[in-house]
file coords-v1.txt (compact mmCIF, C-alpha atoms and all ligand atoms)
# COMPACT_ATOMS: atom_id res chain seq x y z
CA MET P 1 15.67 60.45 -102.99
CA LEU P 2 19.34 59.54 -102.85
CA PHE P 3 20.19 63.06 -101.75
CA PHE P 4 17.45 62.97 -99.13
CA ALA P 5 18.88 59.77 -97.68
CA SER P 6 22.41 61.17 -97.58
CA SER P 7 21.08 64.33 -95.90
CA ILE P 8 19.68 62.22 -93.11
CA LEU P 9 22.99 60.44 -92.71
CA PHE P 10 24.87 63.71 -92.70
CA ALA P 11 22.49 65.27 -90.19
CA ALA P 12 23.08 62.31 -87.92
CA ALA P 13 26.83 62.78 -88.21
CA VAL P 14 26.56 66.45 -87.27
CA THR P 15 24.31 65.66 -84.32
CA ALA P 16 26.91 63.18 -83.13
CA LEU P 17 29.52 65.92 -82.71
CA PRO P 18 30.14 66.41 -78.99
CA SER P 19 29.44 70.12 -78.83
CA ARG P 20 29.04 73.23 -80.91
CA ILE P 21 31.73 74.90 -78.84
CA ILE P 22 34.75 72.66 -78.71
CA SER P 23 36.38 72.15 -75.32
CA ARG P 24 39.80 70.58 -75.05
CA GLN P 25 42.10 69.22 -72.37
CA GLU P 26 45.35 69.92 -74.22
CA PRO P 27 46.60 72.94 -76.17
CA VAL P 28 46.01 72.59 -79.91
CA GLU P 29 47.28 74.34 -83.01
CA LEU P 30 44.80 75.76 -85.49
CA GLY P 31 45.83 77.60 -88.61
CA GLY P 32 49.21 78.42 -87.13
CA PHE P 33 47.76 79.73 -83.87
CA LYS P 34 48.35 77.90 -80.61
CA ILE P 35 45.24 77.80 -78.45
CA ALA P 36 45.57 77.29 -74.70
CA ALA P 37 43.42 74.54 -73.20
CA ALA P 38 41.28 77.07 -71.33
CA ASN P 39 40.27 78.79 -74.53
CA LYS P 40 37.61 77.82 -77.05
CA ILE P 41 37.10 77.37 -80.77
CA ILE P 42 33.75 79.02 -81.49
CA PRO P 43 32.11 78.03 -84.83
CA VAL P 44 30.07 80.61 -86.73
CA VAL P 45 28.29 79.52 -89.93
CA VAL P 46 28.49 82.04 -92.78
CA GLY P 47 25.82 81.79 -95.49
CA GLY P 48 23.82 78.72 -96.44
CA PRO P 49 20.17 78.64 -97.56
CA GLN P 50 20.03 82.26 -96.36
CA ASP P 51 22.72 84.94 -96.28
CA THR P 52 23.29 85.05 -92.53
CA PHE P 53 25.80 84.61 -89.73
CA VAL P 54 24.70 81.89 -87.25
CA PRO P 55 24.97 82.91 -84.47
CA ASN P 56 25.02 86.65 -85.14
CA THR P 57 26.26 87.57 -81.68
CA VAL P 58 29.16 85.82 -79.95
CA ALA P 59 30.70 86.28 -76.52
CA ALA P 60 34.40 85.46 -76.87
CA ALA P 61 37.33 85.80 -74.51
CA VAL P 62 40.80 86.94 -75.47
CA GLY P 63 42.59 83.79 -76.62
CA ASP P 64 39.51 82.16 -78.12
CA ILE P 65 39.35 81.54 -81.86
CA ILE P 66 36.19 82.26 -83.80
CA GLN P 67 36.07 79.77 -86.65
CA PHE P 68 33.93 81.11 -89.48
CA GLN P 69 32.67 78.17 -91.59
CA PHE P 70 31.52 79.17 -95.07
CA SER P 71 28.33 77.45 -96.26
CA ASN P 72 26.46 77.86 -99.57
CA GLY P 73 27.07 80.97 -101.60
CA ASN P 74 30.08 83.23 -101.53
CA HIS P 75 30.68 85.38 -98.51
CA THR P 76 33.19 87.40 -96.54
CA VAL P 77 33.78 88.29 -92.93
CA THR P 78 34.71 91.96 -92.98
CA GLN P 79 35.02 94.38 -90.07
CA SER P 80 33.38 97.78 -90.01
CA ALA P 81 33.13 100.55 -87.46
CA ALA P 82 29.95 100.47 -85.35
CA ASP P 83 28.49 103.49 -87.11
CA SER P 84 29.65 102.59 -90.65
CA PRO P 85 28.01 99.25 -91.49
CA CYS P 86 28.93 97.67 -94.85
CA GLN P 87 32.10 99.81 -95.07
CA PRO P 88 35.50 98.21 -94.41
CA LEU P 89 37.36 99.42 -91.33
CA GLN P 90 40.47 98.49 -93.32
CA ALA P 91 40.10 101.81 -95.12
CA THR P 92 41.46 103.46 -91.96
CA VAL P 93 42.87 100.55 -89.92
CA ALA P 94 45.06 98.26 -92.00
CA THR P 95 44.89 95.42 -89.47
CA ALA P 96 41.08 95.27 -89.40
CA ILE P 97 39.42 91.91 -90.10
CA HIS P 98 38.84 90.71 -93.68
CA SER P 99 38.58 87.08 -94.78
CA GLY P 100 38.39 87.62 -98.54
CA HIS P 101 35.59 85.92 -100.50
CA ILE P 102 35.21 82.24 -99.63
CA PRO P 103 32.72 80.22 -101.73
CA PHE P 104 30.90 76.96 -101.09
CA GLN P 105 29.51 75.11 -104.09
CA ASP P 106 27.29 72.03 -104.35
CA GLY P 107 29.29 68.83 -103.97
CA GLN P 108 32.18 70.26 -101.97
CA THR P 109 33.57 67.78 -99.43
CA THR P 110 35.54 70.41 -97.52
CA VAL P 111 34.43 73.69 -95.99
CA GLY P 112 36.42 76.90 -96.24
CA THR P 113 37.14 78.50 -92.88
CA PHE P 114 38.52 81.75 -91.54
CA ASN P 115 40.11 81.30 -88.13
CA MET P 116 40.05 84.59 -86.26
CA PRO P 117 41.93 84.79 -82.96
CA VAL P 118 40.21 87.10 -80.48
CA THR P 119 42.93 89.52 -79.40
CA SER P 120 40.75 92.06 -77.59
CA ALA P 121 37.56 92.00 -75.54
CA ASP P 122 36.36 95.12 -77.36
CA THR P 123 33.08 94.95 -79.27
CA MET P 124 33.64 94.10 -82.93
CA PHE P 125 31.24 94.68 -85.85
CA LEU P 126 31.37 92.34 -88.87
CA TYR P 127 29.51 92.13 -92.18
CA CYS P 128 29.57 90.22 -95.47
CA ALA P 129 30.86 92.34 -98.35
CA THR P 130 29.31 90.22 -101.12
CA GLY P 131 26.62 91.90 -103.25
CA PRO P 132 23.64 93.12 -101.18
CA HIS P 133 24.19 90.64 -98.32
CA CYS P 134 25.02 93.36 -95.78
CA GLN P 135 21.91 95.36 -96.67
CA GLU P 136 19.92 92.12 -96.30
CA GLY P 137 21.17 91.72 -92.74
CA GLN P 138 24.27 89.51 -93.02
CA VAL P 139 25.97 91.21 -90.08
CA MET P 140 27.15 90.14 -86.64
CA VAL P 141 28.60 91.54 -83.42
CA VAL P 142 31.38 89.98 -81.34
CA ASN P 143 31.20 90.78 -77.63
CA PRO P 144 28.16 93.05 -77.76
CA THR P 145 27.62 95.19 -74.65
CA ASP P 146 23.86 94.56 -74.77
CA ASN P 147 21.19 92.84 -76.88
CA GLN P 148 20.23 96.02 -78.71
CA GLN P 149 23.62 96.43 -80.41
CA ILE P 150 23.06 93.80 -83.13
CA VAL P 151 19.59 95.21 -83.78
CA ASP P 152 20.92 98.73 -84.24
CA TYR P 153 23.82 97.53 -86.39
CA ALA P 154 21.51 95.48 -88.65
CA LYS P 155 19.15 98.42 -89.01
CA GLY P 156 22.07 100.64 -89.93
CA ALA P 157 23.17 98.09 -92.53
CA GLN P 158 19.68 97.95 -94.05
CA SER P 159 19.71 101.72 -94.49
CA THR P 160 22.86 101.64 -96.63
CA THR P 161 22.63 101.32 -100.41
CA SER P 162 25.80 99.37 -101.19
CA SER P 163 28.73 97.58 -99.63
CA VAL P 164 32.44 98.16 -100.02
CA ASP P 165 34.77 95.16 -100.11
CA GLY P 166 37.80 94.72 -97.89
CA THR P 167 41.21 94.67 -99.50
CA ALA P 168 43.86 92.32 -98.09
CA VAL P 169 43.06 89.24 -95.99
CA SER P 170 43.77 90.30 -92.42
CA GLY P 171 43.17 89.31 -88.81
CA GLY P 172 42.92 85.56 -89.31
CA THR P 173 43.88 82.55 -91.37
CA VAL P 174 42.02 81.03 -94.32
CA ALA P 175 41.92 77.22 -94.03
CA SER P 176 39.46 74.35 -94.48
CA ILE P 177 37.84 71.49 -92.55
CA PRO P 178 36.11 68.29 -93.72
CA LEU P 179 32.43 68.85 -94.48
CA ALA P 180 31.60 66.10 -91.95
CA ASP P 181 33.10 68.27 -89.18
CA ALA P 182 31.18 71.41 -90.15
CA ALA P 183 28.51 72.98 -87.95
CA PHE P 184 25.96 73.02 -90.80
CA VAL P 185 24.20 70.86 -93.35
CA PRO P 186 24.61 72.28 -96.87
CA ALA P 187 21.53 73.51 -98.70
CA PRO P 188 20.03 70.93 -101.11
CA ALA P 189 21.72 70.92 -104.51
CA GLN P 190 19.94 73.05 -107.08
CA ASP P 191 18.50 70.99 -109.95
CA GLN P 192 19.59 73.49 -112.59
CA ALA P 193 23.10 73.63 -111.19
CA ALA P 194 23.28 69.84 -111.19
CA ALA P 195 22.21 69.57 -114.82
CA PRO P 196 25.13 69.27 -117.24
CA PRO P 197 25.76 72.74 -118.71
CA ALA P 198 24.90 73.16 -122.38
CA ALA P 199 23.50 69.62 -122.59
CA GLU P 200 20.13 70.96 -123.61
CA ALA P 201 18.85 74.40 -124.45
CA PRO P 202 16.33 75.82 -121.98
CA ALA P 203 12.80 75.56 -123.38
CA ASP P 204 11.83 78.87 -121.80
CA PRO P 205 14.50 81.57 -121.60
CA ALA P 206 12.42 83.50 -119.03
CA ALA P 207 12.24 80.50 -116.71
CA SER P 208 15.99 80.02 -117.06
CA ALA P 209 16.62 83.66 -116.22
CA ALA P 210 14.61 83.36 -112.99
CA SER P 211 17.33 81.22 -111.45
CA SER P 212 20.17 82.84 -113.33
CA SER P 213 22.39 83.04 -110.27
CA VAL P 214 22.59 79.25 -110.05
CA ALA P 215 22.66 78.57 -113.76
CA THR P 216 25.37 81.13 -114.33
CA ASP P 217 27.52 79.68 -111.57
CA ALA P 218 27.43 76.28 -113.27
CA ALA P 219 28.19 77.76 -116.66
CA ALA P 220 30.98 79.97 -115.39
CA THR P 221 32.77 77.14 -113.63
CA SER P 222 32.50 74.76 -116.58
CA ALA P 223 35.18 76.57 -118.54
CA ALA P 224 37.66 79.26 -117.62
CA THR P 225 37.47 82.57 -119.38
CA ALA P 226 40.82 84.12 -120.27
CA ALA P 227 41.84 87.48 -118.84
CA GLY P 228 40.19 90.17 -120.91
CA GLY P 229 37.63 87.66 -122.20
CA THR P 230 33.88 88.19 -122.19
CA ILE P 231 31.14 86.11 -120.58
CA THR P 232 27.73 86.58 -122.18
CA THR P 233 24.61 85.39 -120.39
CA THR P 234 20.96 86.32 -119.84
CA VAL P 235 19.81 87.12 -116.32
CA ALA P 236 16.71 88.43 -114.58
CA ALA P 237 16.64 91.87 -112.97
CA GLY P 238 17.84 91.67 -109.39
CA ALA P 239 19.89 88.53 -109.99
CA THR P 240 23.40 88.21 -108.61
CA ILE P 241 26.19 86.74 -110.71
CA THR P 242 29.21 85.42 -108.80
CA LEU P 243 32.27 84.64 -110.89
CA PRO P 244 35.22 82.87 -109.24
CA LEU P 245 38.62 84.12 -110.35
CA ALA P 246 41.14 81.64 -111.73
CA ALA P 247 43.66 80.43 -109.16
CA ASP P 248 46.53 82.09 -111.00
CA VAL P 249 44.91 85.53 -110.88
CA SER P 250 46.65 87.28 -108.00
CA VAL P 251 44.42 89.94 -106.52
CA PRO P 252 45.02 90.19 -102.76
CA GLY P 253 41.91 89.34 -100.76
CA THR P 254 39.82 88.77 -103.87
CA THR P 255 38.78 85.39 -105.26
CA THR P 256 35.57 86.35 -107.01
CA VAL P 257 33.87 89.09 -108.93
CA VAL P 258 30.24 89.72 -107.98
CA VAL P 259 27.88 91.56 -110.28
CA THR P 260 24.35 92.52 -109.19
CA VAL P 261 21.86 93.32 -111.94
CA PRO P 262 19.76 96.35 -110.92
CA ALA P 263 16.16 95.52 -110.04
CA PRO P 264 13.34 97.65 -111.48
CA THR P 265 12.13 100.34 -109.10
CA ALA P 266 8.96 99.52 -107.16
CA ALA P 267 7.36 102.79 -108.30
CA ALA P 268 7.58 101.73 -111.92
CA ALA P 269 5.89 98.42 -111.24
CA GLU P 270 2.97 99.75 -109.18
CA THR P 271 -0.11 101.64 -110.21
CA PRO P 272 -1.82 103.33 -107.25
CA ALA P 273 -5.44 102.26 -106.73
CA ALA P 274 -7.99 105.01 -107.26
CU CU U 1 27.37 86.98 -97.82
call {"tool": "encode", "arguments": {"input": "coords-v1.txt", "output": "C-alpha cells", "more": "lines below"}}
Ligand SMILES: [Cu+2]
result
Amino acid sequence: MLFFASSILFAAAVTALPSRIISRQEPVELGGFKIAAANKIIPVVVGGPQDTFVPNTVAAAVGDIIQFQFSNGNHTVTQSAADSPCQPLQATVATAIHSGHIPFQDGQTTVGTFNMPVTSADTMFLYCATGPHCQEGQVMVVNPTDNQQIVDYAKGAQSTTSSVDGTAVSGGTVASIPLADAAFVPAPAQDQAAAPPAAEAPADPAASAASSSVATDAAATSAATAAGGTITTTVAAGATITLPLAADVSVPGTTTVVVTVPAPTAAAAETPAA
C-alpha cells in the first residue's frame, strides 16, 4: 500500500513535467555536449516492465541529443546495419553507437542515461544487446524514411537466433539524471527481490526457480564474488541471469555478464493430437 501511494505521487510528479521533448531558450550543456537553443533533448525510455524502446521511432535533427533513459532491467543501445539486426555495426565501423550495459534496479533514485548527439540525418538502426531482447523486439529506428522500416527491422531481429554485444562505449556519453526527472515510472518492486536474501529458505524450490531472474539478481548483489569465483544457483529453463561486474573490473563497454538458460524445445513438450 505504501508503494502504491508513492507510485501515485511519482506519477503526479512526472505528469507535472512541462513536456516530453524539452525546449529551451538558452544553450545548455549536457554530458559535455553543448546544445544550441534551437535543438532538442529527446528522451527515449529503454526497458521497464517490458524490454522495449519507447518510442521506437524518433525523428531527430542534426544537433539534437537523444537521451536514452534506462528503466528496469539491464539494457544497451547498440547500432547495427539495417540488414544485420542484433549484430554490432562496431565490428566494421569503430565509431558506431554503443552505450554499454546500463542497469536499473529496484530502489534506485537516479536513472542511468546515454546521451547521443545526432550528427547525421541518416537513418540509424539500434537494438539492445542484452540476452534475447533484440529477438523479442527491443529495436528502434532513428529518422526512418517511412513507417514500414521499423516493422521490417523488428521482423529481421525476430528471425535472428542470438545477439552480439558491442565492444567499447561509443557515440555518446553515459551519465545519470534524478529518477524524478525521468520520462518513466519504474516497474513495481518484485516481492522476492525485496525479501532479505538468505533470511529464509524457499519452501518450494520449483516456485523459487520460476522467478529466478529476480531472485538471482538480489542474491548476486548481496555479496561480491571474487574474480575466478563461482556462483551456484538453481534456475528455471529459459530464465535470464544478469550479473553486474564489480566496479574495479575494467572491461571496456561491459558492466554485466548475462547468461540465458536454454529453454526446452517446443517439439519435446508437445504431443500431436491424433
Ligand atoms: Cu534490453
call {"tool": "atom_distance", "arguments": {"input": "coords-v1.txt", "atom1": "atom CA of Met140 of chain P", "atom2": "atom CA of Thr123 of chain P"}}
result
10.6 Å
call {"tool": "residues_near_ligand", "arguments": {"input": "coords-v1.txt", "ligand": "ligand CU 1 (chain U)", "cutoff": "12 Å", "atoms": "all atoms listed in the file", "output": "number ranges by chain"}}
result
P: 45-53, 70-78, 86, 99-104, 126-140, 163, 165, 240, 242, 258
call {"tool": "write_last_selection", "arguments": {"input": "coords-v1.txt", "atoms": "C-alpha atoms", "output": "PDB file, keeping the file's coordinate frame"}}
result
ATOM      1  CA  VAL P  45      28.290  79.520 -89.930  1.00  0.00           C
ATOM      2  CA  VAL P  46      28.490  82.040 -92.780  1.00  0.00           C
ATOM      3  CA  GLY P  47      25.820  81.790 -95.490  1.00  0.00           C
ATOM      4  CA  GLY P  48      23.820  78.720 -96.440  1.00  0.00           C
ATOM      5  CA  PRO P  49      20.170  78.640 -97.560  1.00  0.00           C
ATOM      6  CA  GLN P  50      20.030  82.260 -96.360  1.00  0.00           C
ATOM      7  CA  ASP P  51      22.720  84.940 -96.280  1.00  0.00           C
ATOM      8  CA  THR P  52      23.290  85.050 -92.530  1.00  0.00           C
ATOM      9  CA  PHE P  53      25.800  84.610 -89.730  1.00  0.00           C
ATOM     10  CA  PHE P  70      31.520  79.170 -95.070  1.00  0.00           C
ATOM     11  CA  SER P  71      28.330  77.450 -96.260  1.00  0.00           C
ATOM     12  CA  ASN P  72      26.460  77.860 -99.570  1.00  0.00           C
ATOM     13  CA  GLY P  73      27.070  80.970-101.600  1.00  0.00           C
ATOM     14  CA  ASN P  74      30.080  83.230-101.530  1.00  0.00           C
ATOM     15  CA  HIS P  75      30.680  85.380 -98.510  1.00  0.00           C
ATOM     16  CA  THR P  76      33.190  87.400 -96.540  1.00  0.00           C
ATOM     17  CA  VAL P  77      33.780  88.290 -92.930  1.00  0.00           C
ATOM     18  CA  THR P  78      34.710  91.960 -92.980  1.00  0.00           C
ATOM     19  CA  CYS P  86      28.930  97.670 -94.850  1.00  0.00           C
ATOM     20  CA  SER P  99      38.580  87.080 -94.780  1.00  0.00           C
ATOM     21  CA  GLY P 100      38.390  87.620 -98.540  1.00  0.00           C
ATOM     22  CA  HIS P 101      35.590  85.920-100.500  1.00  0.00           C
ATOM     23  CA  ILE P 102      35.210  82.240 -99.630  1.00  0.00           C
ATOM     24  CA  PRO P 103      32.720  80.220-101.730  1.00  0.00           C
ATOM     25  CA  PHE P 104      30.900  76.960-101.090  1.00  0.00           C
ATOM     26  CA  LEU P 126      31.370  92.340 -88.870  1.00  0.00           C
ATOM     27  CA  TYR P 127      29.510  92.130 -92.180  1.00  0.00           C
ATOM     28  CA  CYS P 128      29.570  90.220 -95.470  1.00  0.00           C
ATOM     29  CA  ALA P 129      30.860  92.340 -98.350  1.00  0.00           C
ATOM     30  CA  THR P 130      29.310  90.220-101.120  1.00  0.00           C
ATOM     31  CA  GLY P 131      26.620  91.900-103.250  1.00  0.00           C
ATOM     32  CA  PRO P 132      23.640  93.120-101.180  1.00  0.00           C
ATOM     33  CA  HIS P 133      24.190  90.640 -98.320  1.00  0.00           C
ATOM     34  CA  CYS P 134      25.020  93.360 -95.780  1.00  0.00           C
ATOM     35  CA  GLN P 135      21.910  95.360 -96.670  1.00  0.00           C
ATOM     36  CA  GLU P 136      19.920  92.120 -96.300  1.00  0.00           C
ATOM     37  CA  GLY P 137      21.170  91.720 -92.740  1.00  0.00           C
ATOM     38  CA  GLN P 138      24.270  89.510 -93.020  1.00  0.00           C
ATOM     39  CA  VAL P 139      25.970  91.210 -90.080  1.00  0.00           C
ATOM     40  CA  MET P 140      27.150  90.140 -86.640  1.00  0.00           C
ATOM     41  CA  SER P 163      28.730  97.580 -99.630  1.00  0.00           C
ATOM     42  CA  ASP P 165      34.770  95.160-100.110  1.00  0.00           C
ATOM     43  CA  THR P 240      23.400  88.210-108.610  1.00  0.00           C
ATOM     44  CA  THR P 242      29.210  85.420-108.800  1.00  0.00           C
ATOM     45  CA  VAL P 258      30.240  89.720-107.980  1.00  0.00           C
TER      46      VAL P 258
END
call {"tool": "atom_distance", "arguments": {"input": "coords-v1.txt", "atom1": "atom CA of Gln79 of chain P", "atom2": "atom CA of Ile97 of chain P"}}
result
5.0 Å
call {"tool": "atom_distance", "arguments": {"input": "coords-v1.txt", "atom1": "atom CA of Pro144 of chain P", "atom2": "atom CA of Pro186 of chain P"}}
result
28.4 Å
call {"tool": "residues_around", "arguments": {"input": "coords-v1.txt", "residues": "segment 170-178 of chain P", "least_positions_apart": "4", "cutoff": "8 Å", "atoms": "all atoms listed in the file", "output": "list in words"}}
result
Gly31, Gly32, Thr95, Ala96, Ile97, His98, Ser99, Thr109, Thr110, Val111, Gly112, Thr113, Phe114, Asn115, Met116, Pro117 and Ala182 of chain P
call {"tool": "decode", "arguments": {"input": "coords-v1.txt", "residues": "segment 142-166 of chain P", "atoms": "N, CA and C atoms", "output": "mmCIF file, in the first residue's frame"}}
result
data_model
loop_
_atom_site.group_PDB
_atom_site.id
_atom_site.type_symbol
_atom_site.label_atom_id
_atom_site.label_comp_id
_atom_site.auth_asym_id
_atom_site.auth_seq_id
_atom_site.Cartn_x
_atom_site.Cartn_y
_atom_site.Cartn_z
ATOM 1 N N VAL P 142 16.069 5.513 -35.786
ATOM 2 C CA VAL P 142 16.160 6.970 -35.738
ATOM 3 C C VAL P 142 16.085 7.493 -37.173
ATOM 4 N N ASN P 143 15.218 8.459 -37.379
ATOM 5 C CA ASN P 143 14.991 9.055 -38.698
ATOM 6 C C ASN P 143 14.639 8.015 -39.761
ATOM 7 N N PRO P 144 13.570 7.247 -39.516
ATOM 8 C CA PRO P 144 13.118 6.305 -40.541
ATOM 9 C C PRO P 144 12.622 7.072 -41.766
ATOM 10 N N THR P 145 12.771 6.449 -42.946
ATOM 11 C CA THR P 145 12.291 7.093 -44.175
ATOM 12 C C THR P 145 10.804 6.838 -44.382
ATOM 13 N N ASP P 146 10.269 5.795 -43.737
ATOM 14 C CA ASP P 146 8.825 5.545 -43.794
ATOM 15 C C ASP P 146 8.428 4.680 -42.593
ATOM 16 N N ASN P 147 7.133 4.448 -42.433
ATOM 17 C CA ASN P 147 6.628 3.710 -41.272
ATOM 18 C C ASN P 147 6.939 2.221 -41.325
ATOM 19 N N GLN P 148 7.254 1.710 -42.499
ATOM 20 C CA GLN P 148 7.484 0.281 -42.651
ATOM 21 C C GLN P 148 8.861 -0.136 -42.128
ATOM 22 N N GLN P 149 9.788 0.836 -42.044
ATOM 23 C CA GLN P 149 11.179 0.493 -41.738
ATOM 24 C C GLN P 149 11.336 -0.185 -40.371
ATOM 25 N N ILE P 150 10.642 0.327 -39.342
ATOM 26 C CA ILE P 150 10.754 -0.280 -38.014
ATOM 27 C C ILE P 150 10.117 -1.665 -38.014
ATOM 28 N N VAL P 151 9.064 -1.840 -38.802
ATOM 29 C CA VAL P 151 8.398 -3.148 -38.883
ATOM 30 C C VAL P 151 9.350 -4.170 -39.496
ATOM 31 N N ASP P 152 9.985 -3.785 -40.590
ATOM 32 C CA ASP P 152 10.902 -4.705 -41.272
ATOM 33 C C ASP P 152 12.123 -5.013 -40.392
ATOM 34 N N TYR P 153 12.612 -3.982 -39.695
ATOM 35 C CA TYR P 153 13.788 -4.183 -38.842
ATOM 36 C C TYR P 153 13.455 -5.109 -37.672
ATOM 37 N N ALA P 154 12.267 -4.918 -37.067
ATOM 38 C CA ALA P 154 11.852 -5.781 -35.950
ATOM 39 C C ALA P 154 11.653 -7.216 -36.425
ATOM 40 N N LYS P 155 11.088 -7.374 -37.603
ATOM 41 C CA LYS P 155 10.887 -8.723 -38.136
ATOM 42 C C LYS P 155 12.241 -9.392 -38.397
ATOM 43 N N GLY P 156 13.167 -8.613 -38.932
ATOM 44 C CA GLY P 156 14.510 -9.158 -39.143
ATOM 45 C C GLY P 156 15.158 -9.580 -37.835
ATOM 46 N N ALA P 157 14.951 -8.775 -36.779
ATOM 47 C CA ALA P 157 15.526 -9.093 -35.472
ATOM 48 C C ALA P 157 14.924 -10.382 -34.917
ATOM 49 N N GLN P 158 13.618 -10.548 -35.103
ATOM 50 C CA GLN P 158 12.941 -11.748 -34.594
ATOM 51 C C GLN P 158 13.411 -13.010 -35.297
ATOM 52 N N SER P 159 13.931 -12.866 -36.493
ATOM 53 C CA SER P 159 14.377 -14.045 -37.246
ATOM 54 C C SER P 159 15.823 -14.414 -36.936
ATOM 55 N N THR P 160 16.489 -13.625 -36.087
ATOM 56 C CA THR P 160 17.847 -13.999 -35.689
ATOM 57 C C THR P 160 17.768 -14.948 -34.486
ATOM 58 N N THR P 161 18.856 -15.620 -34.197
ATOM 59 C CA THR P 161 18.843 -16.581 -33.092
ATOM 60 C C THR P 161 19.635 -16.099 -31.879
ATOM 61 N N SER P 162 20.481 -15.092 -32.058
ATOM 62 C CA SER P 162 21.243 -14.577 -30.921
ATOM 63 C C SER P 162 21.743 -13.184 -31.252
ATOM 64 N N SER P 163 22.165 -12.489 -30.201
ATOM 65 C CA SER P 163 22.688 -11.139 -30.359
ATOM 66 C C SER P 163 24.186 -11.119 -30.086
ATOM 67 N N VAL P 164 24.854 -10.163 -30.676
ATOM 68 C CA VAL P 164 26.265 -9.947 -30.385
ATOM 69 C C VAL P 164 26.395 -8.583 -29.715
ATOM 70 N N ASP P 165 27.157 -8.525 -28.640
ATOM 71 C CA ASP P 165 27.338 -7.297 -27.871
ATOM 72 C C ASP P 165 28.249 -6.326 -28.618
ATOM 73 N N GLY P 166 28.106 -5.045 -28.308
ATOM 74 C CA GLY P 166 29.086 -4.072 -28.762
ATOM 75 C C GLY P 166 30.366 -4.235 -27.953
#
